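Dumped model_16.cif below, it's mmCIF, C-alpha atoms:
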data_query
#
loop_
_atom_site.label_atom_id
_atom_site.label_comp_id
_atom_site.auth_asym_id
_atom_site.auth_seq_id
_atom_site.Cartn_x
_atom_site.Cartn_y
_atom_site.Cartn_z
CA MET A 1 -0.81 28.00 -11.15
CA ILE A 2 -3.13 25.01 -10.96
CA ALA A 3 -1.66 21.58 -11.71
CA LYS A 4 -3.65 19.60 -14.28
CA PRO A 5 -3.81 15.80 -14.39
CA SER A 6 -1.34 14.76 -17.08
CA LYS A 7 0.68 11.76 -18.14
CA GLY A 8 4.41 11.97 -17.68
CA SER A 9 4.57 14.24 -14.61
CA ALA A 10 8.14 12.94 -14.32
CA GLY A 11 8.81 12.94 -18.07
CA LYS A 12 9.12 9.87 -20.27
CA THR A 13 9.84 7.38 -17.51
CA GLY A 14 10.27 4.61 -20.07
CA LEU A 15 13.88 5.82 -20.23
CA TRP A 16 14.45 4.36 -16.74
CA ARG A 17 14.09 0.84 -18.06
CA THR A 18 16.86 -1.76 -17.94
CA PHE A 19 14.54 -4.66 -18.72
CA LYS A 20 11.61 -4.47 -21.09
CA PRO A 21 8.42 -6.51 -20.69
CA VAL A 22 7.67 -8.36 -23.94
CA TYR A 23 4.13 -9.61 -24.30
CA ASP A 24 3.10 -12.82 -26.04
CA VAL A 25 -0.57 -12.66 -26.95
CA GLU A 26 -0.69 -16.42 -27.70
CA LYS A 27 0.04 -17.37 -24.09
CA CYS A 28 -2.25 -14.75 -22.51
CA ASN A 29 -5.54 -15.88 -20.96
CA LEU A 30 -6.71 -12.29 -20.34
CA CYS A 31 -6.84 -12.60 -16.55
CA HIS A 32 -5.80 -8.91 -16.33
CA LEU A 33 -3.66 -9.43 -13.22
CA CYS A 34 -0.79 -7.54 -14.92
CA TRP A 35 -3.12 -4.60 -15.49
CA LEU A 36 -4.27 -4.61 -11.85
CA TYR A 37 -0.78 -4.90 -10.38
CA CYS A 38 1.10 -2.50 -12.71
CA PRO A 39 2.25 0.26 -10.31
CA GLU A 40 2.79 2.64 -13.22
CA ASN A 41 -0.69 2.11 -14.71
CA ALA A 42 1.16 1.61 -18.01
CA ILE A 43 -0.91 -1.38 -19.14
CA ASP A 44 -4.16 -0.98 -21.06
CA VAL A 45 -6.72 -3.70 -21.53
CA LEU A 46 -8.26 -4.28 -24.95
CA GLU A 47 -10.88 -6.83 -25.92
CA ASP A 48 -8.44 -9.56 -26.97
CA ARG A 49 -5.05 -8.44 -25.62
CA ILE A 50 -3.20 -6.05 -23.37
CA VAL A 51 -1.07 -3.12 -24.52
CA ILE A 52 2.02 -1.89 -22.67
CA ASP A 53 2.80 1.82 -22.85
CA TYR A 54 6.58 1.78 -23.38
CA ASP A 55 6.78 5.56 -23.10
CA TYR A 56 6.15 5.25 -19.38
CA CYS A 57 6.75 1.60 -18.36
CA LYS A 58 9.71 1.66 -15.94
CA GLY A 59 10.43 -2.04 -16.37
CA CYS A 60 9.91 -3.02 -12.72
CA GLY A 61 8.95 -6.55 -13.79
CA ILE A 62 5.92 -7.05 -11.51
CA CYS A 63 3.74 -7.95 -14.53
CA ALA A 64 6.11 -10.73 -15.60
CA LYS A 65 6.24 -12.13 -12.03
CA ILE A 66 2.48 -12.08 -11.50
CA CYS A 67 1.60 -13.71 -14.85
CA ALA A 68 0.69 -17.35 -14.27
CA LYS A 69 0.82 -18.11 -18.01
CA LYS A 70 4.29 -16.55 -18.43
CA ALA A 71 2.92 -14.39 -21.26
CA ILE A 72 5.23 -11.52 -20.29
CA GLU A 73 8.99 -11.93 -20.42
CA MET A 74 11.57 -9.41 -19.23
CA VAL A 75 14.24 -8.81 -21.91
CA ARG A 76 17.30 -6.61 -21.46
CA GLU A 77 17.04 -3.31 -23.35
CA GLU A 78 19.42 -3.02 -26.29
CA GLU A 79 21.75 -0.03 -26.25
CA THR A 80 20.97 2.27 -29.13
CA MET B 1 -14.84 -8.70 -6.39
CA LYS B 2 -13.80 -9.84 -9.86
CA ILE B 3 -11.04 -8.07 -11.80
CA LYS B 4 -13.34 -7.70 -14.81
CA ASP B 5 -15.80 -5.62 -12.76
CA LEU B 6 -13.18 -3.08 -11.63
CA SER B 7 -13.16 0.45 -13.00
CA LYS B 8 -10.80 0.82 -15.98
CA GLU B 9 -10.45 4.56 -15.37
CA LYS B 10 -6.87 5.62 -14.61
CA TYR B 11 -6.73 7.67 -11.44
CA LEU B 12 -2.94 7.53 -11.30
CA LEU B 13 -1.51 8.63 -14.63
CA PRO B 14 1.58 6.88 -16.04
CA GLY B 15 4.96 8.54 -15.85
CA THR B 16 5.15 9.40 -12.15
CA THR B 17 8.26 9.95 -10.05
CA ALA B 18 7.62 6.74 -8.05
CA CYS B 19 10.47 4.21 -7.96
CA GLN B 20 10.18 1.02 -10.00
CA GLY B 21 7.83 -1.40 -8.26
CA CYS B 22 6.54 1.24 -5.80
CA PRO B 23 3.87 -0.07 -3.39
CA HIS B 24 2.43 3.45 -2.82
CA ALA B 25 1.75 3.76 -6.55
CA LEU B 26 -0.08 0.43 -6.37
CA GLY B 27 -2.18 1.65 -3.45
CA LEU B 28 -2.86 5.07 -4.95
CA LYS B 29 -4.03 3.68 -8.28
CA THR B 30 -6.57 1.46 -6.52
CA LEU B 31 -7.92 4.32 -4.38
CA GLY B 32 -9.76 5.85 -7.31
CA MET B 33 -10.93 2.46 -8.54
CA ALA B 34 -12.65 1.91 -5.19
CA LEU B 35 -13.92 5.38 -4.30
CA GLY B 36 -14.52 6.95 -7.74
CA ASP B 37 -14.80 10.73 -7.89
CA ARG B 38 -16.11 11.21 -4.38
CA PHE B 39 -12.96 11.90 -2.43
CA VAL B 40 -10.28 14.50 -1.76
CA LEU B 41 -6.85 13.20 -0.84
CA VAL B 42 -4.92 14.83 2.01
CA VAL B 43 -1.20 14.08 1.93
CA PRO B 44 1.44 15.04 4.50
CA ALA B 45 5.15 15.03 3.59
CA GLY B 46 6.38 11.70 2.27
CA CYS B 47 7.03 9.78 -0.94
CA THR B 48 3.46 10.47 -2.07
CA THR B 49 4.12 14.23 -2.04
CA ILE B 50 6.60 13.61 -4.83
CA ILE B 51 4.57 10.96 -6.66
CA ALA B 52 1.74 13.54 -6.95
CA GLY B 53 3.83 15.46 -9.49
CA SER B 54 5.34 18.91 -9.60
CA ARG B 55 4.62 22.32 -11.11
CA ASP B 56 1.79 22.23 -13.67
CA LYS B 57 1.57 18.46 -13.95
CA SER B 58 -0.40 16.31 -11.52
CA ALA B 59 -0.13 12.53 -11.61
CA PHE B 60 -3.51 12.22 -9.86
CA LYS B 61 -6.91 12.52 -11.49
CA PHE B 62 -8.46 13.38 -8.13
CA PRO B 63 -8.04 16.53 -6.02
CA CYS B 64 -5.08 16.42 -3.64
CA LEU B 65 -4.11 18.69 -0.76
CA HIS B 66 -0.50 18.83 0.39
CA VAL B 67 -0.39 19.71 4.07
CA PRO B 68 2.26 20.18 6.79
CA PHE B 69 3.48 16.95 8.37
CA ALA B 70 1.57 16.58 11.61
CA SER B 71 -1.64 18.20 10.40
CA ALA B 72 -3.16 15.75 7.89
CA PRO B 73 -6.05 14.34 9.99
CA ALA B 74 -6.78 17.85 11.35
CA VAL B 75 -7.05 19.23 7.81
CA ALA B 76 -9.35 16.32 6.91
CA THR B 77 -11.54 17.22 9.89
CA GLY B 78 -11.95 20.71 8.46
CA LEU B 79 -12.64 19.36 4.99
CA GLY B 80 -15.25 16.96 6.37
CA SER B 81 -17.12 19.74 8.20
CA ALA B 82 -16.95 21.95 5.11
CA PHE B 83 -18.44 19.17 2.97
CA LYS B 84 -21.25 18.78 5.48
CA LYS B 85 -21.99 22.52 5.68
CA LEU B 86 -22.04 22.83 1.88
CA GLY B 87 -24.16 19.70 1.53
CA LYS B 88 -21.54 17.97 -0.64
CA ASN B 89 -21.16 14.23 -0.78
CA GLY B 90 -17.39 14.11 -0.45
CA ILE B 91 -15.05 11.93 1.58
CA PRO B 92 -11.81 13.34 2.95
CA VAL B 93 -9.16 10.64 2.60
CA VAL B 94 -5.87 10.99 4.44
CA TRP B 95 -3.05 9.07 2.79
CA MET B 96 0.07 9.01 4.90
CA GLY B 97 3.08 6.87 5.57
CA ASP B 98 4.22 5.46 8.88
CA GLY B 99 6.22 8.68 9.26
CA GLY B 100 3.10 10.79 8.98
CA SER B 101 1.36 8.62 11.55
CA ASP B 102 4.34 8.80 13.96
CA ILE B 103 4.73 12.56 13.70
CA GLY B 104 1.03 13.28 13.29
CA PHE B 105 -0.16 10.87 15.96
CA ALA B 106 -1.72 13.61 18.09
CA THR B 107 -3.98 14.82 15.29
CA LEU B 108 -4.72 11.22 14.25
CA SER B 109 -5.76 10.37 17.79
CA GLY B 110 -7.81 13.57 18.09
CA ALA B 111 -9.71 12.96 14.87
CA CYS B 112 -10.46 9.39 15.94
CA VAL B 113 -11.66 10.39 19.41
CA ARG B 114 -13.99 13.00 17.87
CA LYS B 115 -15.13 10.40 15.30
CA ASP B 116 -14.61 12.92 12.54
CA ASP B 117 -15.83 11.86 9.11
CA MET B 118 -12.80 10.62 7.13
CA ILE B 119 -10.90 7.61 5.88
CA VAL B 120 -7.28 7.43 7.02
CA ILE B 121 -4.96 5.12 5.12
CA VAL B 122 -1.49 4.51 6.48
CA SER B 123 0.66 3.04 3.72
CA ASP B 124 3.23 1.40 5.95
CA ASN B 125 6.64 0.63 4.48
CA GLU B 126 8.10 0.15 7.96
CA ALA B 127 10.63 3.02 7.90
CA TYR B 128 10.98 6.65 6.81
CA MET B 129 11.84 5.85 3.19
CA ASN B 130 11.47 9.30 1.67
CA THR B 131 14.20 10.82 3.85
CA GLY B 132 16.61 7.89 3.56
CA ILE B 133 15.33 4.78 5.37
CA GLN B 134 15.36 5.85 9.03
CA THR B 135 13.75 3.73 11.75
CA SER B 136 10.06 4.42 12.39
CA GLY B 137 7.65 3.28 15.06
CA THR B 138 6.43 0.46 12.86
CA THR B 139 9.86 -0.83 11.78
CA PHE B 140 10.24 -4.54 12.53
CA TRP B 141 12.36 -5.60 15.49
CA LYS B 142 15.97 -6.28 14.30
CA ALA B 143 15.41 -4.68 10.86
CA LYS B 144 18.41 -2.72 9.56
CA THR B 145 17.84 0.93 8.72
CA THR B 146 20.27 3.84 8.40
CA THR B 147 19.58 4.79 12.03
CA SER B 148 19.67 1.19 13.27
CA PRO B 149 22.70 -0.23 11.44
CA LYS B 150 22.80 -3.28 13.71
CA GLY B 151 19.06 -3.82 13.61
CA LYS B 152 16.26 -2.04 15.46
CA LYS B 153 16.32 -2.65 19.20
CA GLU B 154 12.74 -1.69 19.96
CA GLU B 155 9.51 -3.56 19.31
CA LYS B 156 7.24 -2.62 16.39
CA LYS B 157 4.08 -0.75 17.34
CA ASP B 158 0.80 -2.11 16.07
CA LEU B 159 -0.98 0.89 14.64
CA ALA B 160 -4.16 -0.88 13.54
CA LEU B 161 -4.74 -2.35 17.01
CA ILE B 162 -4.04 1.06 18.57
CA MET B 163 -6.76 2.55 16.36
CA LEU B 164 -9.10 -0.33 17.23
CA MET B 165 -8.65 0.45 20.93
CA HIS B 166 -9.27 4.10 20.02
CA LYS B 167 -12.82 2.97 19.20
CA ALA B 168 -12.64 3.88 15.51
CA ASP B 169 -15.82 3.07 13.57
CA TYR B 170 -13.99 0.92 11.05
CA VAL B 171 -10.48 -0.51 11.23
CA ALA B 172 -8.82 -2.88 8.77
CA THR B 173 -5.43 -4.10 7.71
CA ALA B 174 -4.71 -4.58 4.00
CA SER B 175 -1.78 -5.40 1.76
CA VAL B 176 -0.59 -4.28 -1.68
CA GLY B 177 -0.23 -7.99 -2.39
CA TYR B 178 -4.03 -8.36 -2.32
CA LEU B 179 -5.43 -5.32 -4.11
CA GLN B 180 -8.92 -6.73 -4.60
CA ASP B 181 -9.18 -7.19 -0.84
CA PHE B 182 -7.96 -3.60 -0.36
CA ILE B 183 -10.59 -2.30 -2.82
CA GLU B 184 -13.34 -4.24 -1.04
CA LYS B 185 -12.25 -2.81 2.31
CA LEU B 186 -12.15 0.73 0.90
CA LYS B 187 -15.67 0.27 -0.48
CA ARG B 188 -16.94 -1.02 2.84
CA ALA B 189 -15.23 1.86 4.66
CA SER B 190 -16.84 4.37 2.30
CA GLU B 191 -20.30 3.04 3.18
CA ILE B 192 -19.78 3.60 6.91
CA GLU B 193 -19.89 7.06 8.49
CA GLY B 194 -17.37 8.30 11.00
CA PHE B 195 -13.68 7.66 11.50
CA ARG B 196 -12.34 4.84 9.34
CA PHE B 197 -8.80 3.53 9.38
CA ILE B 198 -6.95 1.19 7.01
CA HIS B 199 -3.39 0.02 7.66
CA LEU B 200 -1.87 -0.92 4.29
CA HIS B 201 1.24 -3.09 4.23
CA SER B 202 3.62 -1.69 1.58
CA PRO B 203 6.92 -3.51 0.99
CA CYS B 204 9.43 -0.98 -0.40
CA PRO B 205 12.02 -2.39 -2.87
CA PRO B 206 14.91 0.08 -2.23
CA GLY B 207 14.14 0.42 1.49
CA TRP B 208 13.84 -3.27 2.32
CA GLY B 209 16.38 -4.43 -0.23
CA PHE B 210 14.65 -6.68 -2.74
CA ASP B 211 14.16 -6.54 -6.51
CA SER B 212 11.52 -4.16 -7.89
CA SER B 213 9.68 -7.09 -9.49
CA GLU B 214 9.05 -8.71 -6.10
CA THR B 215 6.87 -6.09 -4.39
CA VAL B 216 3.66 -8.09 -4.72
CA GLU B 217 5.41 -11.38 -4.00
CA VAL B 218 7.04 -10.09 -0.78
CA ALA B 219 3.74 -8.56 0.36
CA ARG B 220 2.02 -11.93 -0.16
CA MET B 221 4.86 -13.79 1.59
CA ALA B 222 4.32 -11.58 4.65
CA VAL B 223 0.70 -12.72 4.80
CA LYS B 224 1.49 -16.36 4.02
CA CYS B 225 4.07 -16.70 6.78
CA GLY B 226 1.74 -14.96 9.25
CA ALA B 227 3.91 -11.87 9.79
CA TRP B 228 1.17 -9.61 8.43
CA ILE B 229 -2.38 -10.51 9.42
CA LEU B 230 -5.33 -9.28 7.35
CA TRP B 231 -8.44 -8.47 9.38
CA GLU B 232 -11.25 -5.96 9.60
CA PHE B 233 -13.49 -4.53 12.28
CA ASP B 234 -16.87 -2.93 11.61
CA GLY B 235 -18.47 -3.72 14.95
CA LYS B 236 -17.49 -7.34 14.44
CA PHE B 237 -13.88 -8.47 14.25
CA LYS B 238 -13.20 -10.71 11.25
CA ILE B 239 -10.00 -12.27 10.01
CA SER B 240 -9.97 -11.76 6.22
CA THR B 241 -10.16 -14.68 3.78
CA GLN B 242 -6.52 -14.41 2.71
CA SER B 243 -5.26 -14.76 6.29
CA LYS B 244 -7.74 -17.40 7.45
CA PRO B 245 -5.67 -20.48 6.52
CA TYR B 246 -2.78 -19.18 8.60
CA LYS B 247 -4.69 -19.30 11.87
CA ASP B 248 -3.24 -22.79 11.88
CA LYS B 249 0.49 -22.39 12.43
CA LYS B 250 1.32 -25.54 10.48
CA ARG B 251 0.00 -24.02 7.27
CA ARG B 252 2.19 -20.91 7.48
CA LEU B 253 5.20 -20.70 5.14
CA PRO B 254 8.64 -20.75 6.80
CA LEU B 255 9.36 -17.31 8.22
CA ALA B 256 13.00 -17.44 7.10
CA ASP B 257 11.91 -17.50 3.42
CA TYR B 258 10.19 -14.15 3.91
CA LEU B 259 12.91 -12.54 6.02
CA LYS B 260 15.96 -13.72 4.11
CA ARG B 261 14.85 -12.31 0.78
CA GLN B 262 15.14 -8.80 2.25
CA ARG B 263 18.49 -7.08 2.69
CA ARG B 264 17.37 -5.49 5.97
CA PHE B 265 17.07 -8.96 7.57
CA ARG B 266 20.03 -10.77 6.03
CA HIS B 267 22.12 -10.42 9.19
CA LEU B 268 19.62 -12.35 11.34
CA SER B 269 20.81 -15.42 13.21
CA ASP B 270 18.67 -18.53 13.63
CA GLU B 271 17.93 -17.45 17.21
CA ASP B 272 16.70 -14.05 15.97
CA ILE B 273 14.35 -15.72 13.51
CA ALA B 274 13.05 -18.03 16.25
CA GLU B 275 12.45 -14.98 18.44
CA ILE B 276 10.58 -13.17 15.64
CA GLU B 277 8.50 -16.30 15.13
CA ARG B 278 7.65 -16.33 18.84
CA ARG B 279 6.56 -12.69 18.63
CA ILE B 280 4.39 -13.44 15.58
CA ASP B 281 2.75 -16.31 17.50
CA GLU B 282 1.99 -13.87 20.33
CA GLN B 283 0.44 -11.47 17.81
CA TRP B 284 -1.79 -14.27 16.48
CA LYS B 285 -2.92 -15.06 20.02
CA ILE B 286 -4.08 -11.44 20.40
CA ILE B 287 -5.84 -11.40 17.01
CA LEU B 288 -7.60 -14.73 17.66
CA ALA B 289 -8.69 -13.52 21.09
CA LEU B 290 -10.05 -10.29 19.58
CA GLU B 291 -12.02 -12.32 17.06
CA LYS B 292 -13.70 -14.10 19.98
CA VAL B 293 -14.26 -10.91 22.00
CA PHE B 294 -15.83 -8.95 19.12
CA SER B 295 -17.74 -11.82 17.52
#

Turn the structure described in the file into structure tokens.
Amino acid sequence: MIAKPSKGSAGKTGLWRTFKPVYDVEKCNLCHLCWLYCPENAIDVLEDRIVIDYDYCKGCGICAKICAKKAIEMVREEET
Amino acid sequence: MKIKDLSKEKYLLPGTTACQGCPHALGLKTLGMALGDRFVLVVPAGCTTIIAGSRDKSAFKFPCLHVPFASAPAVATGLGSAFKKLGKNGIPVVWMGDGGSDIGFATLSGACVRKDDMIVIVSDNEAYMNTGIQTSGTTFWKAKTTTSPKGKKEEKKDLALIMLMHKADYVATASVGYLQDFIEKLKRASEIEGFRFIHLHSPCPPGWGFDSSETVEVARMAVKCGAWILWEFDGKFKISTQSKPYKDKKRRLPLADYLKRQRRFRHLSDEDIAEIERRIDEQWKIILALEKVFS
């Protein structure tokens, strides 16, 4: 069996999250530091904003810490 | 190197088994951004073995060989000669932890002495994290681990300087707190032929005892207080831009700020911190002298 590159080799790791990064496009200056320092590679860069992949984001909070503009805030996940 | 110019290709795919805020994941994702599709990763046992994925799913977009513990640089030697014989333009890259470099030191030393064609990256989280935080050769003096519950009694070994004295063709230290610097060093290493070594400082949230959001911050603190010095050697010995201001001791941040935010150092007394500071000063003396010798 040959392993193929695929997302979610450990399943939907978004389930690990206690805190969720919430992005505010108004405050963002598109420096892309969050994209560079996301250990999960769960941030994508678009022309005018970033997109967080909540299926896989583990909620480590590095993006919120590294953002100089405070455009990402960590909010506790609601129990569903 | 500007962030905008970096490759947007994902070489580490989301949804890995890495812990939250894992420094290895940070290092691994930048590997591909720096080296592109030209390399094969060789990984001995460690956290990265697990991060790579299991069964039919691989978290890496590049080829990866899992090898027995002590053999990684030896396997890379074989890979390198095979690439040469087949006329392929590939780089064998060994990615190991401080455990792999402790246990595989004989093969590491052998490959360096023979100047075999490879890049070796030691992602150093200063203990054997994958097996439950046991003391390693690079664990800080006085750091608490499960095998040194009162703090490590022995001095930390300086792997990068050991490899420099091994006459490696390229040696550098890097940090997950400064990924652009790491990418630049990887690129420079890939342009040189022979044995290349990069010692990557990787603060581990569960192992060191700090919050997962602070990985980058702690890594930067280590540089800013002078405890981790960024430099590179490619015939000339240069202290890297990020570490340059801290040649002057007055500009370094207080060491206690860096140590006290980690659980493994919370038991330190003021005398211990003063002693660590003295040892860091000694280290700087060596680095500054080397800069003069290899100028």

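In this structure, CA of Leu31 in chain B sits 19.7 Å away from CA of Asp234 in chain B.
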
Can you list, as a ChimeraX atom specification, the residues that the PyMOL selection byres ((chain A) within 8 of (chain B)) selects here?
-> /A:1-14,31-33,36-42,56-66

Between CA of Asp24 in chain A and CA of Lys70 in chain A, what is the distance, to one decimal in Å?
-> 8.6 Å

Check what the PyMOL selection byres ((chain B and resi 153) around 9) selects in the file above and give those residues as a list in words.
->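 On this input, the PyMOL selection byres ((chain B and resi 153) around 9) captures Trp141, Lys142, Ala143, Ser148, Lys150, Gly151, Lys152, Glu154 and Glu155 of chain B.
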
Let me know the residues the PyMOL selection byres ((chain B and resi 249) around 10) catches in the file above, as a PyMOL selection string.
-> chain B and resi 225-226+245-248+250-253+281+284
